[in-house]
Amino acid sequence: MYELFKTKASAVGAEVHRVGGKIEAVELIVSLLKDENVVDLPGCRAVWAEGTFLNGIDRGALKELPGLSFEVTRERAAQAKVGISEMSFAVADTGSLVQDQSAAADRLASSLTDIHIALVPSANIVPDKVSLFSRISPRTSRYIAFITGPSRTADIERVLTIGVHGPQRLVIIFVDGLEGVSR
Amino acid sequence: MKKEFKASINRALNDANLTGALGKFSEAYKVNRAKAYDGMDFEALRSTVAEAKSKAACHLDEVADVFKANAEALGAKVFRTRDPQEVKRYILQLAKDKGVRSVVKSKSMATEEIHLNRALLDEGISVAETDLGEWIIQLAGQTPSHMVMPAIHMTKEEVAEIFSKEVDERLSTDIPRLVKVARNELRPKFLAADMGISGGNIAVAETGSIVLVTNEGNARLVTSLPRIHVALIGVEKLVEKFESVAPILDALPRSATAQLLTSYVSIITGPTPNDDGSEKELHIILMDNRRTEMAQDPKFKQALQCIRCGSCLNVCPIFRLVGGHVFGSIYTGGIGTILTAWFDELKKSEDIQGLCIQCGNCKEVCPGKLDIPEMIMEIRRRLVLEKGQPLLQKAIFGVVNNRRLFHGMLRAASVAAKPFSSAGFIRHLPLFLADLTDGRSLPAIAEKPFRDIFPEIVQPQAKEKAVFYAGCLIDFAYPETGVALVKLLNKAGIEVVFPEEQTCCGAPALYNGAYEVAAQNAVDNIQALLQQEAQYVVSACPTCTVALAHEFGKTLESLGQTEWMEKAQELAAKTVDLSTLVKRLTDEGRLSFEEGEGLSKITYHDSCHLKRTLKVSEEPRELLQKAGYQLEEMFECDMCCGMGGSYSMKLPEISAPILKRKLQNIKETGAPVVAMDCPGCVMQIRGGFDQQEGGVKVKHTAELLAERLKG
Ligand code: SF4
Ligand code: SF4
């Protein structure tokens, strides 16, 4: 299913990675942030929305990235180049990520930034919407968000253009060995 | 048709940018849509969608109540009203109470429907459309031309021009750069807005949820950043159960833009916290604006199954020529014609309903299973009921309704060339006798109609009999097609009978909304065709076949003439088109063709009624190949040729370019012969090639097959 997901998500312009665990995930994120000059350039920032992935993470090790903030306000998110957030599910047949984004921080980090880095437990890939809806429900989740590739438009002469109001890059990192997150 | 309307059509036709963009798009769309649905059972999917929507439409009141109760239990405020004015009042009052100075909007057709922006601006509240296409047309002071791609009619040059004014800087036509400009310009508006207004693609009663589908991500910002969120939703967006969301999400993006899913889908169920920790105010307005009335109308109820995907526009041969603005200001294309007739008023659809050529392309792709051409016919009928038939048409149909007079005139027409054309009304006669029109010659009326030739053909005495229904065109213009048909059936040992009392099939009257006339035609034909015991009633004209097999019953029923229903059904059951019957006879080994080493290449044009109403497309192809032809498919083989009965006379400016495109596609195959199963298409396409050097030979399938009969 991972392969199917990767094919579908890549087809709509997402970048898909897979790592063995939390440590590798953090390493990958740090290197992505460095590639984007989040550390060096003035004004370039990154926001990381709180979630279960961060439990037990040594945030001190991330100190070398002064532009990174775990406090996601609208101002920070609007200025940030990169937003990092957790997504609960991956839907293979459409290459979509899904999360309960009732928490404003989750939405800000994934909608206002130029680049969205999404962390997903590899265990939570489901084949399709129907199986997704047996795991997630509007009765318990007030804002269910599907994200499929980066923001796009074709409103000018039908030319596909990436990154209008939302991120222009979606980087998906599947993390093995995580407990399947329930929400 | 009003002068201004004709003028707007011509403006659109002369706009090369517009027709170029739409043409290219619709070609690509067809391929991409097929890819997006690959491996999916579209028929099953659309049945599920249509059923869920129609179930909700049948109990709109209850379903809306359930929605309201559930959404309010979660803290949303739900306001339901029939009156669009009240919607505006509600929003303005809310804005006033909460001190709203600025609004950002995510695309919503419902707000266009009630001209909400104007109302807000009049109160001094700033409004920004945030969907890129909507923002472009807002800045340009225009209206959307397509419900999914509102600015498809504009070029990048025009957009650059508009944006340059906005940012006070000379911008190039680089599209990604223009998109960046939009992002930068709109970002502060999102962050500063007090109120976000969205539409809603689905509203789920069971859970009180609304579902928003976008690609740009603007709906996420509109529903997240401002402290107040107002969702304006037409009640037709309601479904009862949450389980209906998945199939609609399967169909909507695939049909709209050939995507498996849009970049963003948001399912919002009750208010969420704002980023400062306060709870968002969520107002959901369920707007009626005649939708409930529509739900109670047996003919138009199905319109509530629409999921606003716009695919009906993408495949419409008329839309791709003239674009959306010809249709009016809000909803465009075939579905727009229907919605305009209801949400605005019937009278407003008077001109635009005439744009539909009844080709059925839209019906074939609609994920909501709407029969758009049928509803447009119903609009025609109601306009006629309301206003009466135009005098001229009345005179014509008076003639058509009098078999003797009608046939007499047709005969007379063959004696001298166009003897009646100066009499004015005759040129409006259904199907033929018109003056020459652009790019197409009309057929001469045959010297000897089929009805005079038929008695000279000696019939085999056989147990099996087929009644031949010729229809006006074969009878009076193309008797050779009739002769070919008789030859084919005789060869298979079938006796053909030709009741002289048969008359016009009523399609011209029906397609012009003159139901009474069509009903009279139906009754006359039922009597004539059922006179003799026969196994089949066969026709070589798909429009006639459709009339006999589908329309007679419907027409009579709609007029309450139920005494004829049984007979109509009997006739329908016996009716078969020529290719289907010949295919059957060939399969049974009763007919065979000369084994020719491949004759020439041939290409086949699918007639609208044959392919889409009668669902016949493989049969003639197989037969022609059996008869020794080498089939070479043309591009868009099933696109309308622009004939559409009297359409080519009423709107020659649209019919001509459609024909031109068809001729081009035929020529590009390199085949010297094009076959088709409809004498109307023969007339149109042959007429077109007539005026071109080295034209392609245009033949009815019946003739080509009869030539190749064995023995
Ligand atoms: S009528 Fe059908 S095809 Fe047209 S917008 Fe509605 S659902 Fe889509
Ligand atoms: S029937 Fe054909 S012409 Fe009429 S609206 Fe549908 S696609 Fe357009």
# chains A, B, ... in the order shown; residues from 1 in each chain; ligands from 1
call {"tool": "residues_around", "arguments": {"residues": "A:Thr161", "least_positions_apart": "5", "cutoff": "9 Å", "atoms": "only C-alpha atoms", "output": "ChimeraX atom specification"}}
result
/A:151-156 /B:175-176,179
call {"tool": "write_last_selection", "arguments": {"atoms": "C-alpha atoms", "output": "short mmCIF file (atom, residue, chain, number, x, y, z; two decimals), in the first residue's frame"}}
result
data_model
loop_
_atom_site.label_atom_id
_atom_site.label_comp_id
_atom_site.auth_asym_id
_atom_site.auth_seq_id
_atom_site.Cartn_x
_atom_site.Cartn_y
_atom_site.Cartn_z
CA SER A 151 -1.79 23.68 -3.37
CA ARG A 152 -2.58 24.06 -7.04
CA THR A 153 -4.56 26.07 -9.51
CA ALA A 154 -5.24 25.99 -13.21
CA ASP A 155 -7.38 29.09 -13.28
CA ILE A 156 -5.20 31.02 -15.70
CA ILE B 175 1.65 32.49 -15.21
CA PRO B 176 3.51 31.25 -12.10
CA VAL B 179 -0.16 33.31 -9.35
#
call {"tool": "residues_near_ligand", "arguments": {"ligand": "ligand 2", "cutoff": "7 Å", "atoms": "only C-alpha atoms and all ligand atoms", "output": "VMD selection string"}}
result
chain B and resid 312 to 313 315 to 319 333 to 334 355 to 363 372 to 373
call {"tool": "closest_atom_pairs", "arguments": {"of": "chain A", "to": "chain B", "cutoff": "9 Å", "atoms": "only C-alpha atoms", "output": "JSON lines"}}
result
{"residue": "A:Val12", "atom": "CA", "partner": "B:Ser263", "partner_atom": "CA", "distance": 8.5}
{"residue": "A:Val72", "atom": "CA", "partner": "B:Asp275", "partner_atom": "CA", "distance": 8.8}
{"residue": "A:Thr73", "atom": "CA", "partner": "B:Asp275", "partner_atom": "CA", "distance": 6.8}
{"residue": "A:Arg74", "atom": "CA", "partner": "B:Asp275", "partner_atom": "CA", "distance": 6.9}
{"residue": "A:Glu75", "atom": "CA", "partner": "B:Leu191", "partner_atom": "CA", "distance": 8.8}
{"residue": "A:Ala78", "atom": "CA", "partner": "B:Leu191", "partner_atom": "CA", "distance": 8.5}
{"residue": "A:Asp93", "atom": "CA", "partner": "B:Leu260", "partner_atom": "CA", "distance": 8.4}
{"residue": "A:Thr94", "atom": "CA", "partner": "B:Leu260", "partner_atom": "CA", "distance": 5.8}
{"residue": "A:Gly95", "atom": "CA", "partner": "B:Leu261", "partner_atom": "CA", "distance": 8.6}
{"residue": "A:Ser96", "atom": "CA", "partner": "B:Leu261", "partner_atom": "CA", "distance": 8.0}
{"residue": "A:Ser102", "atom": "CA", "partner": "B:Thr272", "partner_atom": "CA", "distance": 5.8}
{"residue": "A:Ala103", "atom": "CA", "partner": "B:Pro273", "partner_atom": "CA", "distance": 6.8}
{"residue": "A:Ala104", "atom": "CA", "partner": "B:Asp275", "partner_atom": "CA", "distance": 5.2}
{"residue": "A:Ala105", "atom": "CA", "partner": "B:Asp275", "partner_atom": "CA", "distance": 6.9}
{"residue": "A:Arg107", "atom": "CA", "partner": "B:Ser224", "partner_atom": "CA", "distance": 7.5}
{"residue": "A:Leu108", "atom": "CA", "partner": "B:Ser224", "partner_atom": "CA", "distance": 8.1}
{"residue": "A:Ser111", "atom": "CA", "partner": "B:Gly217", "partner_atom": "CA", "distance": 7.0}
{"residue": "A:Leu112", "atom": "CA", "partner": "B:Leu221", "partner_atom": "CA", "distance": 8.0}
{"residue": "A:Lys129", "atom": "CA", "partner": "B:Ala246", "partner_atom": "CA", "distance": 6.2}
{"residue": "A:Val130", "atom": "CA", "partner": "B:Ala246", "partner_atom": "CA", "distance": 6.7}
{"residue": "A:Phe133", "atom": "CA", "partner": "B:Glu243", "partner_atom": "CA", "distance": 8.3}
{"residue": "A:Pro138", "atom": "CA", "partner": "B:Thr269", "partner_atom": "CA", "distance": 6.1}
{"residue": "A:Arg139", "atom": "CA", "partner": "B:Thr207", "partner_atom": "CA", "distance": 6.6}
{"residue": "A:Ser141", "atom": "CA", "partner": "B:Thr269", "partner_atom": "CA", "distance": 7.4}
{"residue": "A:Arg142", "atom": "CA", "partner": "B:Thr269", "partner_atom": "CA", "distance": 4.6}
{"residue": "A:Tyr143", "atom": "CA", "partner": "B:Ile268", "partner_atom": "CA", "distance": 4.7}
{"residue": "A:Ile144", "atom": "CA", "partner": "B:Ile267", "partner_atom": "CA", "distance": 4.9}
{"residue": "A:Ala145", "atom": "CA", "partner": "B:Ser266", "partner_atom": "CA", "distance": 4.7}
{"residue": "A:Phe146", "atom": "CA", "partner": "B:Val265", "partner_atom": "CA", "distance": 4.9}
{"residue": "A:Ile147", "atom": "CA", "partner": "B:Tyr264", "partner_atom": "CA", "distance": 4.9}
{"residue": "A:Thr148", "atom": "CA", "partner": "B:Ser263", "partner_atom": "CA", "distance": 4.4}
{"residue": "A:Gly149", "atom": "CA", "partner": "B:Ser263", "partner_atom": "CA", "distance": 5.7}
{"residue": "A:Pro150", "atom": "CA", "partner": "B:Ser263", "partner_atom": "CA", "distance": 6.5}
{"residue": "A:Ser151", "atom": "CA", "partner": "B:Glu216", "partner_atom": "CA", "distance": 4.9}
{"residue": "A:Arg152", "atom": "CA", "partner": "B:Glu216", "partner_atom": "CA", "distance": 5.1}
{"residue": "A:Thr153", "atom": "CA", "partner": "B:Glu216", "partner_atom": "CA", "distance": 5.7}
{"residue": "A:Ala154", "atom": "CA", "partner": "B:Met149", "partner_atom": "CA", "distance": 8.2}
{"residue": "A:Asp155", "atom": "CA", "partner": "B:Gly133", "partner_atom": "CA", "distance": 5.2}
{"residue": "A:Ile156", "atom": "CA", "partner": "B:Lys156", "partner_atom": "CA", "distance": 6.2}
{"residue": "A:Glu157", "atom": "CA", "partner": "B:Thr155", "partner_atom": "CA", "distance": 6.0}
{"residue": "A:Arg158", "atom": "CA", "partner": "B:Ile152", "partner_atom": "CA", "distance": 7.1}
{"residue": "A:Val159", "atom": "CA", "partner": "B:Ile175", "partner_atom": "CA", "distance": 7.7}
{"residue": "A:Leu160", "atom": "CA", "partner": "B:Pro176", "partner_atom": "CA", "distance": 8.9}
{"residue": "A:Thr161", "atom": "CA", "partner": "B:Pro176", "partner_atom": "CA", "distance": 6.0}
{"residue": "A:Ile162", "atom": "CA", "partner": "B:Pro176", "partner_atom": "CA", "distance": 7.8}
{"residue": "A:Gly163", "atom": "CA", "partner": "B:Glu216", "partner_atom": "CA", "distance": 7.3}
{"residue": "A:Val164", "atom": "CA", "partner": "B:Glu216", "partner_atom": "CA", "distance": 5.6}
{"residue": "A:His165", "atom": "CA", "partner": "B:Gly217", "partner_atom": "CA", "distance": 5.4}
{"residue": "A:Gly166", "atom": "CA", "partner": "B:Gly217", "partner_atom": "CA", "distance": 5.0}
{"residue": "A:Pro167", "atom": "CA", "partner": "B:Gly217", "partner_atom": "CA", "distance": 8.4}
call {"tool": "atom_distance", "arguments": {"atom1": "atom CA of B:Asp288", "atom2": "atom CA of B:Glu236"}}
result
8.3 Å
call {"tool": "select_by_dssp", "arguments": {"residues": "stretch 58-156 of chain A", "states": "helix (DSSP H, G or I)", "output": "PyMOL selection string"}}
result
chain A and resi 59-64+74-79+104-111+122-124+129-133
call {"tool": "atom_distance", "arguments": {"atom1": "atom CA of B:Thr81", "atom2": "atom CA of B:Leu304"}}
result
17.0 Å
call {"tool": "closest_atom_pairs", "arguments": {"of": "chain B", "to": "ligand 1", "cutoff": "10 Å", "atoms": "only C-alpha atoms and all ligand atoms", "output": "tab-separated table"}}
result
residue	atom	partner	partner_atom_place_in_ligand_line	distance
B:Arg46	CA	ligand 1	7 (S)	9.4
B:Val49	CA	ligand 1	7 (S)	9.5
B:Ala50	CA	ligand 1	7 (S)	9.0
B:His146	CA	ligand 1	5 (S)	9.8
B:Met147	CA	ligand 1	5 (S)	7.8
B:Val148	CA	ligand 1	5 (S)	8.8
B:Ala251	CA	ligand 1	7 (S)	9.1
B:Leu252	CA	ligand 1	8 (Fe)	7.7
B:Ser255	CA	ligand 1	8 (Fe)	7.1
B:Ala256	CA	ligand 1	8 (Fe)	7.3
B:Gln302	CA	ligand 1	1 (S)	9.3
B:Ala303	CA	ligand 1	1 (S)	7.1
B:Leu304	CA	ligand 1	6 (Fe)	8.5
B:Gln305	CA	ligand 1	7 (S)	6.7
B:Cys306	CA	ligand 1	6 (Fe)	3.7
B:Ile307	CA	ligand 1	7 (S)	4.3
B:Arg308	CA	ligand 1	5 (S)	3.7
B:Cys309	CA	ligand 1	8 (Fe)	3.9
B:Gly310	CA	ligand 1	5 (S)	3.8
B:Ser311	CA	ligand 1	3 (S)	4.4
B:Cys312	CA	ligand 1	3 (S)	4.0
B:Leu313	CA	ligand 1	4 (Fe)	6.7
B:Asn314	CA	ligand 1	3 (S)	8.6
B:Val315	CA	ligand 1	3 (S)	9.1
B:Tyr331	CA	ligand 1	5 (S)	9.6
B:Thr332	CA	ligand 1	5 (S)	9.7
B:Gly333	CA	ligand 1	4 (Fe)	8.5
B:Gly334	CA	ligand 1	4 (Fe)	7.6
B:Ile335	CA	ligand 1	1 (S)	5.2
B:Gly336	CA	ligand 1	4 (Fe)	8.5
B:Ile338	CA	ligand 1	1 (S)	9.3
B:Leu339	CA	ligand 1	1 (S)	9.8
B:Asn361	CA	ligand 1	3 (S)	9.8
B:Cys362	CA	ligand 1	3 (S)	6.2
B:Lys363	CA	ligand 1	3 (S)	7.3
B:Glu364	CA	ligand 1	3 (S)	8.7
B:Val365	CA	ligand 1	3 (S)	6.2
B:Cys366	CA	ligand 1	3 (S)	3.7
B:Pro367	CA	ligand 1	7 (S)	5.2
B:Gly368	CA	ligand 1	7 (S)	4.4
B:Lys369	CA	ligand 1	2 (Fe)	6.3
B:Leu370	CA	ligand 1	2 (Fe)	5.6
B:Asp371	CA	ligand 1	1 (S)	8.0
B:Ile372	CA	ligand 1	1 (S)	6.8
call {"tool": "atom_distance", "arguments": {"atom1": "atom CA of B:Gly642", "atom2": "atom CA of B:Cys681"}}
result
8.3 Å
call {"tool": "residues_around", "arguments": {"residues": "B:Leu548", "least_positions_apart": "6", "cutoff": "9 Å", "atoms": "only C-alpha atoms", "output": "PyMOL selection string"}}
result
chain B and resi 505+522+525-526+537+568+571-572+575
call {"tool": "write_last_selection", "arguments": {"atoms": "N, CA and C atoms", "output": "compact mmCIF listing (two decimals), in the first residue's frame"}}
result
# COMPACT_ATOMS: atom_id res chain seq x y z
N CYS B 505 -42.50 12.12 -37.61
CA CYS B 505 -42.39 11.45 -36.30
C CYS B 505 -42.67 12.40 -35.14
N ALA B 522 -47.86 11.41 -33.13
CA ALA B 522 -47.69 10.10 -32.48
C ALA B 522 -48.91 9.23 -32.73
N ASN B 525 -49.18 8.05 -36.32
CA ASN B 525 -48.20 7.01 -36.65
C ASN B 525 -48.50 5.68 -35.97
N ILE B 526 -48.94 5.77 -34.71
CA ILE B 526 -49.29 4.54 -34.01
C ILE B 526 -50.35 3.78 -34.82
N VAL B 537 -40.88 -2.92 -36.42
CA VAL B 537 -41.04 -1.63 -37.07
C VAL B 537 -39.62 -1.09 -37.16
N ALA B 568 -48.82 2.65 -27.76
CA ALA B 568 -47.50 3.28 -27.86
C ALA B 568 -46.43 2.32 -27.37
N LEU B 571 -45.87 -0.41 -29.90
CA LEU B 571 -45.03 0.09 -31.00
C LEU B 571 -43.57 0.19 -30.56
N ALA B 572 -43.38 0.72 -29.36
CA ALA B 572 -42.02 0.89 -28.87
C ALA B 572 -41.29 -0.45 -28.82
N THR B 575 -40.05 -1.52 -32.21
CA THR B 575 -39.22 -0.61 -32.99
C THR B 575 -37.73 -0.96 -32.86
call {"tool": "residues_around", "arguments": {"residues": "B:Leu585", "least_positions_apart": "4", "cutoff": "12 Å", "atoms": "only C-alpha atoms", "output": "VMD selection string"}}
result
chain B and resid 488 to 494 578 to 581 589 to 593 619 623
call {"tool": "write_last_selection", "arguments": {"atoms": "C-alpha atoms", "output": "compact mmCIF listing (two decimals), in the first residue's frame"}}
result
# COMPACT_ATOMS: atom_id res chain seq x y z
CA LEU B 488 -31.37 -5.71 -47.10
CA LEU B 489 -34.47 -6.98 -45.38
CA ASN B 490 -35.82 -8.73 -48.46
CA LYS B 491 -32.54 -10.51 -48.80
CA ALA B 492 -32.93 -11.88 -45.31
CA GLY B 493 -36.36 -13.15 -46.28
CA ILE B 494 -38.37 -10.44 -44.62
CA LEU B 578 -31.69 -0.61 -39.09
CA SER B 579 -28.13 -1.40 -37.98
CA THR B 580 -29.25 -3.32 -34.94
CA LEU B 581 -31.66 -5.40 -37.00
CA GLY B 589 -26.56 -16.15 -40.83
CA ARG B 590 -29.49 -14.79 -42.76
CA LEU B 591 -27.48 -12.07 -44.43
CA SER B 592 -23.94 -12.08 -45.67
CA PHE B 593 -21.71 -9.75 -47.57
CA GLU B 619 -23.20 -2.63 -34.71
CA LEU B 623 -21.25 -4.53 -40.29
call {"tool": "select_by_dssp", "arguments": {"residues": "stretch 454-654 of chain B", "states": "strand (DSSP E or B)", "output": "PDB file with C-alpha atoms, in the first residue's frame"}}
result
ATOM      1  CA  LYS B 465     -42.770  -8.956 -41.813  1.00  0.00           C
ATOM      2  CA  ALA B 466     -41.234  -5.614 -41.039  1.00  0.00           C
ATOM      3  CA  VAL B 467     -43.039  -2.326 -41.157  1.00  0.00           C
ATOM      4  CA  PHE B 468     -40.750   0.334 -42.559  1.00  0.00           C
ATOM      5  CA  TYR B 469     -40.998   3.725 -40.976  1.00  0.00           C
ATOM      6  CA  GLU B 495     -41.335  -8.846 -46.291  1.00  0.00           C
ATOM      7  CA  VAL B 496     -41.384  -5.101 -45.944  1.00  0.00           C
ATOM      8  CA  VAL B 497     -44.613  -3.185 -45.623  1.00  0.00           C
ATOM      9  CA  TYR B 536     -40.583  -5.285 -36.456  1.00  0.00           C
ATOM     10  CA  VAL B 537     -41.039  -1.628 -37.072  1.00  0.00           C
ATOM     11  CA  VAL B 538     -37.747  -0.576 -38.537  1.00  0.00           C
ATOM     12  CA  SER B 539     -36.329   2.838 -39.254  1.00  0.00           C
ATOM     13  CA  THR B 575     -39.217  -0.607 -32.987  1.00  0.00           C
ATOM     14  CA  VAL B 576     -35.651  -1.243 -33.985  1.00  0.00           C
ATOM     15  CA  ASP B 577     -33.033   0.733 -35.851  1.00  0.00           C
ATOM     16  CA  PHE B 593     -21.710  -9.750 -47.568  1.00  0.00           C
ATOM     17  CA  LYS B 601     -10.793   2.959 -45.850  1.00  0.00           C
ATOM     18  CA  ILE B 602     -13.981   4.160 -44.253  1.00  0.00           C
ATOM     19  CA  THR B 603     -14.690   6.290 -41.249  1.00  0.00           C
ATOM     20  CA  TYR B 604     -17.845   6.288 -39.183  1.00  0.00           C
ATOM     21  CA  HIS B 605     -19.732   9.203 -37.684  1.00  0.00           C
ATOM     22  CA  GLN B 630     -11.328  -0.927 -43.410  1.00  0.00           C
ATOM     23  CA  LEU B 631     -12.436   1.178 -40.479  1.00  0.00           C
TER      24      LEU B 631
END
call {"tool": "residues_around", "arguments": {"residues": "A:Gly21", "least_positions_apart": "2", "cutoff": "9 Å", "atoms": "only C-alpha atoms", "output": "ChimeraX atom specification"}}
result
/A:19,23-26,174-178
call {"tool": "write_last_selection", "arguments": {"atoms": "C-alpha atoms", "output": "PDB file, in the first residue's frame"}}
result
ATOM      1  CA  VAL A  19      12.270   6.374   7.512  1.00  0.00           C
ATOM      2  CA  ILE A  23      15.429   9.592  15.152  1.00  0.00           C
ATOM      3  CA  GLU A  24      15.817   9.249  11.408  1.00  0.00           C
ATOM      4  CA  ALA A  25      12.714  11.377  10.928  1.00  0.00           C
ATOM      5  CA  VAL A  26      14.188  14.187  12.962  1.00  0.00           C
ATOM      6  CA  PHE A 174       6.385   8.028   6.701  1.00  0.00           C
ATOM      7  CA  VAL A 175       7.774   6.909  10.001  1.00  0.00           C
ATOM      8  CA  ASP A 176       7.997   3.208  10.752  1.00  0.00           C
ATOM      9  CA  GLY A 177       7.693   1.843  14.223  1.00  0.00           C
ATOM     10  CA  LEU A 178       5.345   4.502  15.544  1.00  0.00           C
TER      11      LEU A 178
END
call {"tool": "residues_around", "arguments": {"residues": "stretch 667-678 of chain B", "least_positions_apart": "5", "cutoff": "8 Å", "atoms": "only C-alpha atoms", "output": "list in words"}}
result
Ala540, Cys541, Pro542, Thr543, Ser579, Ser600, Lys601, Ile602, Thr603, Tyr604, His605, Asp606, Ser607, Leu610, Pro620, Glu632, Glu633, Met634, Val696, Lys697, Val698, Lys699, His700, Thr701, Ala702 and Leu704 of chain B
call {"tool": "residues_around", "arguments": {"residues": "B:Lys35", "least_positions_apart": "4", "cutoff": "10 Å", "atoms": "only C-alpha atoms", "output": "list in words"}}
result
Tyr29, Lys30, Val31, Gly39, Met40, Arg254, Ala258, Gln259 and Leu260 of chain B
call {"tool": "closest_residue", "arguments": {"among": "A:Asn37, A:Asn55, A:Gln99, A:Ser122", "to": "A:Thr140", "atoms": "only C-alpha atoms"}}
result
A:Gln99
